[in-house]
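Following: one structure in structure tokens, then a few remarks.
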Amino acid sequence: MIKTKRLSIQPFQEADCTGMVNLLCNEEIKKTFMIPDFATKSMAERLFHQFKEWSYEEARYERGIYLGDQLIGFVNTVEAEKSSEKSCIELGYVIHPAHHNHGYATEMLQAVITDLFEKGYHEICAGAFQENTASCRVMEKCGMKRIQKTAEVDYRGHLHTCVYYRIRK
């Protein structure tokens with residue numbers, strides 16, 4: 001578990017299921033974080049259970065973000081490579097819109113970067129839709145620099161340019 005001034009970042013518990021389903025099904029979050037549309041609540045619950053299982057695996061970085069006892073977001077592995085030659089992890093993260101503009105994403109990402117460097121990663125990357133300026137600002141505040149890599153992503157019927165940031169140890 002990671003403790004910051006205001007947050008806890010830790011593996012998921014069974015009691016987090018409803019909170020995570022609310023995050024996964026939030027229409028505002030779906031605008032900037034690539035989440036599938038779930039036909040049923042049980043489909044979202046199944047994804048939560050997969051996230052919960054992954055949150056206890058050493059090879060992945062899946063954690064809930066908590067304000068007190070309330071799950072307000074999550075951070076997860078998009079892709080990771082850890083070998084003797086290279087150790088890089090790409091992250092995605094979400095904060096519930098009701099908790100935007102309080103610095104929680106920056107506080108979380110700074111703590112996670114420190115934790116991942118301590119775990120032996122030498123490079124941490126994250127991407128965001130170019131129009132998601134808030135997420136880009138969070139990464140910049142955490143010392144991440146924009147890199148040349150971009151990707152065109154067709155998501156929910158719109159073409160988005162994804163921009164990437166990284167920080168190296």
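Ordering of the structure tokens sets the chain letters (A, B, ...), residue numbers begin anew at 1 in every chain, and ligands are numbered from 1 in the order given.
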Which residues, written as a VMD selection string, have at least one atom at most 10 Å from Met34 (chain A), with only C-alpha atoms counted and residues fewer than 4 positions away on the same chain left out?
chain A and resid 24 29 to 30 92 128 to 129 153 155 to 156
Would you pick out the contacts of Val75 (chain A) at 9 Å or less, using only C-alpha atoms, so that residues sharing its chain but fewer than 2 positions from it are not included, and give the list as a PyMOL selection string?
chain A and resi 9+61-65+73+77+91-95+108-109+112
Can you check which residues of region 32-149 of chain A DSSP gives as strand (DSSP E) on the backbone and send them as a PDB file with N, CA and C atoms, in the first residue's frame?
ATOM      1  N   ARG A  63      -4.037  -0.937  -9.202  1.00  0.00           N
ATOM      2  CA  ARG A  63      -4.299  -0.462  -7.846  1.00  0.00           C
ATOM      3  C   ARG A  63      -5.513   0.458  -7.838  1.00  0.00           C
ATOM      4  N   GLY A  64      -6.224   0.402  -6.728  1.00  0.00           N
ATOM      5  CA  GLY A  64      -7.295   1.354  -6.501  1.00  0.00           C
ATOM      6  C   GLY A  64      -6.723   2.617  -5.870  1.00  0.00           C
ATOM      7  N   ILE A  65      -7.378   3.726  -6.121  1.00  0.00           N
ATOM      8  CA  ILE A  65      -7.002   5.010  -5.536  1.00  0.00           C
ATOM      9  C   ILE A  65      -8.118   5.385  -4.570  1.00  0.00           C
ATOM     10  N   TYR A  66      -7.762   5.589  -3.301  1.00  0.00           N
ATOM     11  CA  TYR A  66      -8.750   5.780  -2.245  1.00  0.00           C
ATOM     12  C   TYR A  66      -8.559   7.120  -1.543  1.00  0.00           C
ATOM     13  N   LEU A  67      -9.670   7.777  -1.317  1.00  0.00           N
ATOM     14  CA  LEU A  67      -9.731   8.966  -0.473  1.00  0.00           C
ATOM     15  C   LEU A  67     -10.465   8.498   0.775  1.00  0.00           C
ATOM     16  N   GLN A  70     -13.035   5.529   0.443  1.00  0.00           N
ATOM     17  CA  GLN A  70     -13.788   5.613  -0.807  1.00  0.00           C
ATOM     18  C   GLN A  70     -12.877   5.420  -2.021  1.00  0.00           C
ATOM     19  N   LEU A  71     -13.240   4.466  -2.876  1.00  0.00           N
ATOM     20  CA  LEU A  71     -12.542   4.259  -4.137  1.00  0.00           C
ATOM     21  C   LEU A  71     -12.907   5.405  -5.075  1.00  0.00           C
ATOM     22  N   ILE A  72     -11.906   6.214  -5.451  1.00  0.00           N
ATOM     23  CA  ILE A  72     -12.186   7.360  -6.332  1.00  0.00           C
ATOM     24  C   ILE A  72     -11.521   7.206  -7.695  1.00  0.00           C
ATOM     25  N   GLY A  73     -10.759   6.130  -7.884  1.00  0.00           N
ATOM     26  CA  GLY A  73     -10.098   5.934  -9.167  1.00  0.00           C
ATOM     27  C   GLY A  73      -9.262   4.688  -9.162  1.00  0.00           C
ATOM     28  N   PHE A  74      -8.516   4.515 -10.244  1.00  0.00           N
ATOM     29  CA  PHE A  74      -7.601   3.388 -10.334  1.00  0.00           C
ATOM     30  C   PHE A  74      -6.450   3.730 -11.258  1.00  0.00           C
ATOM     31  N   VAL A  75      -5.375   2.995 -11.108  1.00  0.00           N
ATOM     32  CA  VAL A  75      -4.208   3.087 -11.975  1.00  0.00           C
ATOM     33  C   VAL A  75      -3.917   1.661 -12.428  1.00  0.00           C
ATOM     34  N   ASN A  76      -3.563   1.498 -13.712  1.00  0.00           N
ATOM     35  CA  ASN A  76      -3.369   0.140 -14.213  1.00  0.00           C
ATOM     36  C   ASN A  76      -2.280   0.053 -15.272  1.00  0.00           C
ATOM     37  N   THR A  77      -1.746  -1.150 -15.399  1.00  0.00           N
ATOM     38  CA  THR A  77      -0.753  -1.452 -16.423  1.00  0.00           C
ATOM     39  C   THR A  77      -1.436  -1.497 -17.785  1.00  0.00           C
ATOM     40  N   VAL A  78      -0.888  -0.761 -18.724  1.00  0.00           N
ATOM     41  CA  VAL A  78      -1.307  -0.874 -20.116  1.00  0.00           C
ATOM     42  C   VAL A  78      -0.391  -1.885 -20.799  1.00  0.00           C
ATOM     43  N   GLU A  79       0.903  -1.734 -20.539  1.00  0.00           N
ATOM     44  CA  GLU A  79       1.905  -2.616 -21.117  1.00  0.00           C
ATOM     45  C   GLU A  79       3.141  -2.540 -20.231  1.00  0.00           C
ATOM     46  N   ALA A  80       3.864  -3.641 -20.109  1.00  0.00           N
ATOM     47  CA  ALA A  80       5.076  -3.644 -19.297  1.00  0.00           C
ATOM     48  C   ALA A  80       6.110  -4.569 -19.896  1.00  0.00           C
ATOM     49  N   GLU A  81       7.359  -4.164 -19.761  1.00  0.00           N
ATOM     50  CA  GLU A  81       8.484  -4.988 -20.173  1.00  0.00           C
ATOM     51  C   GLU A  81       9.535  -4.861 -19.074  1.00  0.00           C
ATOM     52  N   LYS A  82       9.825  -5.963 -18.437  1.00  0.00           N
ATOM     53  CA  LYS A  82      10.824  -5.939 -17.376  1.00  0.00           C
ATOM     54  C   LYS A  82      11.786  -7.093 -17.609  1.00  0.00           C
ATOM     55  N   SER A  87      13.474  -2.086 -18.559  1.00  0.00           N
ATOM     56  CA  SER A  87      12.336  -2.157 -17.632  1.00  0.00           C
ATOM     57  C   SER A  87      11.483  -0.912 -17.825  1.00  0.00           C
ATOM     58  N   CYS A  88      10.396  -1.092 -18.550  1.00  0.00           N
ATOM     59  CA  CYS A  88       9.499   0.011 -18.892  1.00  0.00           C
ATOM     60  C   CYS A  88       8.069  -0.422 -18.611  1.00  0.00           C
ATOM     61  N   ILE A  89       7.283   0.509 -18.094  1.00  0.00           N
ATOM     62  CA  ILE A  89       5.867   0.236 -17.862  1.00  0.00           C
ATOM     63  C   ILE A  89       5.056   1.426 -18.372  1.00  0.00           C
ATOM     64  N   GLU A  90       3.969   1.105 -19.049  1.00  0.00           N
ATOM     65  CA  GLU A  90       3.013   2.135 -19.485  1.00  0.00           C
ATOM     66  C   GLU A  90       1.783   2.015 -18.610  1.00  0.00           C
ATOM     67  N   LEU A  91       1.341   3.141 -18.095  1.00  0.00           N
ATOM     68  CA  LEU A  91       0.207   3.190 -17.171  1.00  0.00           C
ATOM     69  C   LEU A  91      -0.987   3.912 -17.776  1.00  0.00           C
ATOM     70  N   GLY A  92      -2.151   3.565 -17.269  1.00  0.00           N
ATOM     71  CA  GLY A  92      -3.365   4.330 -17.485  1.00  0.00           C
ATOM     72  C   GLY A  92      -3.918   4.663 -16.103  1.00  0.00           C
ATOM     73  N   TYR A  93      -4.677   5.722 -16.006  1.00  0.00           N
ATOM     74  CA  TYR A  93      -5.249   6.077 -14.709  1.00  0.00           C
ATOM     75  C   TYR A  93      -6.546   6.847 -14.882  1.00  0.00           C
ATOM     76  N   VAL A  94      -7.387   6.733 -13.850  1.00  0.00           N
ATOM     77  CA  VAL A  94      -8.707   7.356 -13.850  1.00  0.00           C
ATOM     78  C   VAL A  94      -8.984   7.912 -12.458  1.00  0.00           C
ATOM     79  N   ILE A  95      -9.530   9.106 -12.413  1.00  0.00           N
ATOM     80  CA  ILE A  95     -10.092   9.675 -11.183  1.00  0.00           C
ATOM     81  C   ILE A  95     -11.545  10.012 -11.492  1.00  0.00           C
ATOM     82  N   GLU A 123      11.816   3.253 -16.666  1.00  0.00           N
ATOM     83  CA  GLU A 123      11.058   4.166 -17.531  1.00  0.00           C
ATOM     84  C   GLU A 123       9.572   3.938 -17.308  1.00  0.00           C
ATOM     85  N   ILE A 124       8.852   5.043 -17.140  1.00  0.00           N
ATOM     86  CA  ILE A 124       7.406   4.986 -16.949  1.00  0.00           C
ATOM     87  C   ILE A 124       6.778   5.874 -18.015  1.00  0.00           C
ATOM     88  N   CYS A 125       5.801   5.320 -18.721  1.00  0.00           N
ATOM     89  CA  CYS A 125       5.125   6.033 -19.801  1.00  0.00           C
ATOM     90  C   CYS A 125       3.626   6.081 -19.524  1.00  0.00           C
ATOM     91  N   ALA A 126       2.981   7.033 -20.128  1.00  0.00           N
ATOM     92  CA  ALA A 126       1.523   7.118 -20.083  1.00  0.00           C
ATOM     93  C   ALA A 126       1.070   7.887 -21.315  1.00  0.00           C
ATOM     94  N   GLY A 127      -0.118   7.588 -21.759  1.00  0.00           N
ATOM     95  CA  GLY A 127      -0.672   8.274 -22.915  1.00  0.00           C
ATOM     96  C   GLY A 127      -2.015   8.886 -22.580  1.00  0.00           C
ATOM     97  N   ALA A 128      -2.423   9.821 -23.409  1.00  0.00           N
ATOM     98  CA  ALA A 128      -3.729  10.467 -23.242  1.00  0.00           C
ATOM     99  C   ALA A 128      -4.194  10.965 -24.601  1.00  0.00           C
ATOM    100  N   PHE A 129      -5.508  11.044 -24.761  1.00  0.00           N
ATOM    101  CA  PHE A 129      -6.009  11.697 -25.964  1.00  0.00           C
ATOM    102  C   PHE A 129      -5.500  13.136 -25.943  1.00  0.00           C
ATOM    103  N   LYS A 145       7.895  13.952 -19.634  1.00  0.00           N
ATOM    104  CA  LYS A 145       8.112  14.763 -20.830  1.00  0.00           C
ATOM    105  C   LYS A 145       7.402  14.122 -22.009  1.00  0.00           C
ATOM    106  N   ARG A 146       6.803  14.977 -22.827  1.00  0.00           N
ATOM    107  CA  ARG A 146       6.152  14.466 -24.035  1.00  0.00           C
ATOM    108  C   ARG A 146       7.208  13.907 -24.967  1.00  0.00           C
ATOM    109  N   ILE A 147       6.898  12.757 -25.578  1.00  0.00           N
ATOM    110  CA  ILE A 147       7.812  12.121 -26.522  1.00  0.00           C
ATOM    111  C   ILE A 147       7.197  12.153 -27.919  1.00  0.00           C
ATOM    112  N   GLN A 148       7.962  11.747 -28.905  1.00  0.00           N
ATOM    113  CA  GLN A 148       7.512  11.820 -30.298  1.00  0.00           C
ATOM    114  C   GLN A 148       6.403  10.835 -30.634  1.00  0.00           C
ATOM    115  N   LYS A 149       6.290   9.763 -29.862  1.00  0.00           N
ATOM    116  CA  LYS A 149       5.303   8.723 -30.155  1.00  0.00           C
ATOM    117  C   LYS A 149       3.882   9.283 -30.101  1.00  0.00           C
TER     118      LYS A 149
END
Two-atom distance - CA of Cys142 (chain A), CA of Gln50 (chain A) (Å)
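For CA of Cys142 (chain A) relative to CA of Gln50 (chain A), the distance reads 28.6 Å.
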From the list A:Ala98, A:Cys17, A:Met1, A:Ile35, the nearest residue to Tyr56 (chain A) using only C-alpha atoms is A:Met1
Tell me which of A:Gly143, A:Asp154, A:Pro11, A:Thr161 sits closest to Glu57 (chain A), counting only C-alpha atoms.
A:Pro11
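Shortest atom-to-atom contact with Lys3 (chain A) among A:Ala15, A:Leu47, A:Ala39, A:Ala111: A:Ala111, counting only C-alpha atoms.
Closest approach to Gly157 (chain A) among A:Ala59, A:Ala44, A:Lys31, A:Lys5: A:Lys31, based on only C-alpha atoms.
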What parts of region 69-116 of chain A does DSSP call alpha helix (DSSP H)? I'd like the answer as a list in words.
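Written out, the alpha helix (DSSP H) residues of region 69-116 of chain A are Tyr104, Ala105, Thr106, Glu107, Met108, Leu109, Gln110, Ala111, Val112, Ile113, Thr114, Asp115 and Leu116 of chain A.
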Mind checking which residues fall within 10 Å of Thr106 (chain A), counting only C-alpha atoms, ignoring those fewer than 5 positions away in the same chain, and posting them as a list of chain:residue names?
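So the residues in contact are A:Asn101, A:Ala111, A:Val112, A:Ser135, A:Arg137, A:Val138, A:Met139, A:Glu140, A:Lys141, A:Cys142.
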Would you mind exporting the chosen residues as an mmCIF file, in the first residue's frame, restricted to all heavy atoms?
data_model
loop_
_atom_site.group_PDB
_atom_site.id
_atom_site.type_symbol
_atom_site.label_atom_id
_atom_site.label_comp_id
_atom_site.auth_asym_id
_atom_site.auth_seq_id
_atom_site.Cartn_x
_atom_site.Cartn_y
_atom_site.Cartn_z
ATOM 1 N N ASN A 101 -9.954 18.210 -10.282
ATOM 2 C CA ASN A 101 -9.532 19.561 -9.896
ATOM 3 C C ASN A 101 -9.197 19.705 -8.411
ATOM 4 O O ASN A 101 -9.341 20.783 -7.845
ATOM 5 C CB ASN A 101 -10.586 20.600 -10.313
ATOM 6 C CG ASN A 101 -10.834 20.581 -11.803
ATOM 7 O OD1 ASN A 101 -9.887 20.575 -12.585
ATOM 8 N ND2 ASN A 101 -12.091 20.516 -12.202
ATOM 9 N N ALA A 111 3.327 9.530 -6.549
ATOM 10 C CA ALA A 111 3.589 8.417 -5.635
ATOM 11 C C ALA A 111 3.831 7.116 -6.395
ATOM 12 O O ALA A 111 4.719 6.330 -6.044
ATOM 13 C CB ALA A 111 2.427 8.255 -4.658
ATOM 14 N N VAL A 112 3.068 6.880 -7.448
ATOM 15 C CA VAL A 112 3.208 5.653 -8.237
ATOM 16 C C VAL A 112 4.550 5.647 -8.975
ATOM 17 O O VAL A 112 5.226 4.612 -9.035
ATOM 18 C CB VAL A 112 2.008 5.489 -9.193
ATOM 19 C CG1 VAL A 112 2.273 4.435 -10.255
ATOM 20 C CG2 VAL A 112 0.747 5.148 -8.392
ATOM 21 N N SER A 135 -5.165 15.616 -18.265
ATOM 22 C CA SER A 135 -4.279 14.472 -18.055
ATOM 23 C C SER A 135 -2.854 14.806 -18.505
ATOM 24 O O SER A 135 -1.885 14.425 -17.839
ATOM 25 C CB SER A 135 -4.803 13.241 -18.798
ATOM 26 O OG SER A 135 -4.107 12.098 -18.391
ATOM 27 N N ARG A 137 -1.471 17.748 -18.421
ATOM 28 C CA ARG A 137 -0.913 18.617 -17.372
ATOM 29 C C ARG A 137 -0.478 17.807 -16.156
ATOM 30 O O ARG A 137 0.556 18.090 -15.557
ATOM 31 C CB ARG A 137 -1.920 19.689 -16.958
ATOM 32 C CG ARG A 137 -1.983 20.870 -17.920
ATOM 33 C CD ARG A 137 -2.715 22.065 -17.336
ATOM 34 N NE ARG A 137 -3.999 21.769 -16.755
ATOM 35 C CZ ARG A 137 -5.164 21.765 -17.397
ATOM 36 N NH1 ARG A 137 -5.190 22.072 -18.667
ATOM 37 N NH2 ARG A 137 -6.283 21.475 -16.774
ATOM 38 N N VAL A 138 -1.256 16.794 -15.780
ATOM 39 C CA VAL A 138 -0.886 15.935 -14.646
ATOM 40 C C VAL A 138 0.471 15.295 -14.914
ATOM 41 O O VAL A 138 1.367 15.308 -14.061
ATOM 42 C CB VAL A 138 -1.961 14.859 -14.387
ATOM 43 C CG1 VAL A 138 -1.436 13.760 -13.479
ATOM 44 C CG2 VAL A 138 -3.215 15.492 -13.789
ATOM 45 N N MET A 139 0.636 14.719 -16.094
ATOM 46 C CA MET A 139 1.898 14.054 -16.419
ATOM 47 C C MET A 139 3.061 15.043 -16.395
ATOM 48 O O MET A 139 4.138 14.739 -15.871
ATOM 49 C CB MET A 139 1.782 13.338 -17.768
ATOM 50 C CG MET A 139 0.843 12.136 -17.701
ATOM 51 S SD MET A 139 0.738 11.203 -19.239
ATOM 52 C CE MET A 139 -0.534 12.107 -20.120
ATOM 53 N N GLU A 140 2.848 16.234 -16.939
ATOM 54 C CA GLU A 140 3.896 17.251 -16.928
ATOM 55 C C GLU A 140 4.252 17.672 -15.499
ATOM 56 O O GLU A 140 5.428 17.819 -15.173
ATOM 57 C CB GLU A 140 3.455 18.456 -17.755
ATOM 58 C CG GLU A 140 3.408 18.163 -19.239
ATOM 59 C CD GLU A 140 2.680 19.213 -20.049
ATOM 60 O OE1 GLU A 140 2.115 20.175 -19.462
ATOM 61 O OE2 GLU A 140 2.665 19.079 -21.292
ATOM 62 N N LYS A 141 3.260 17.844 -14.629
ATOM 63 C CA LYS A 141 3.520 18.210 -13.238
ATOM 64 C C LYS A 141 4.333 17.147 -12.519
ATOM 65 O O LYS A 141 5.038 17.442 -11.559
ATOM 66 C CB LYS A 141 2.204 18.430 -12.482
ATOM 67 C CG LYS A 141 1.481 19.697 -12.839
ATOM 68 C CD LYS A 141 0.182 19.770 -12.053
ATOM 69 C CE LYS A 141 -0.698 20.880 -12.527
ATOM 70 N NZ LYS A 141 -2.001 20.887 -11.814
ATOM 71 N N CYS A 142 4.222 15.909 -12.978
ATOM 72 C CA CYS A 142 4.941 14.794 -12.360
ATOM 73 C C CYS A 142 6.320 14.579 -12.969
ATOM 74 O O CYS A 142 6.987 13.585 -12.674
ATOM 75 C CB CYS A 142 4.106 13.521 -12.462
ATOM 76 S SG CYS A 142 2.623 13.600 -11.444
#
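Of the listed residues A:Ile167, A:Cys25, A:Ile2, A:Met20, the one whose atoms come nearest to His122 (chain A) is A:Ile167, with distances taken using only C-alpha atoms.
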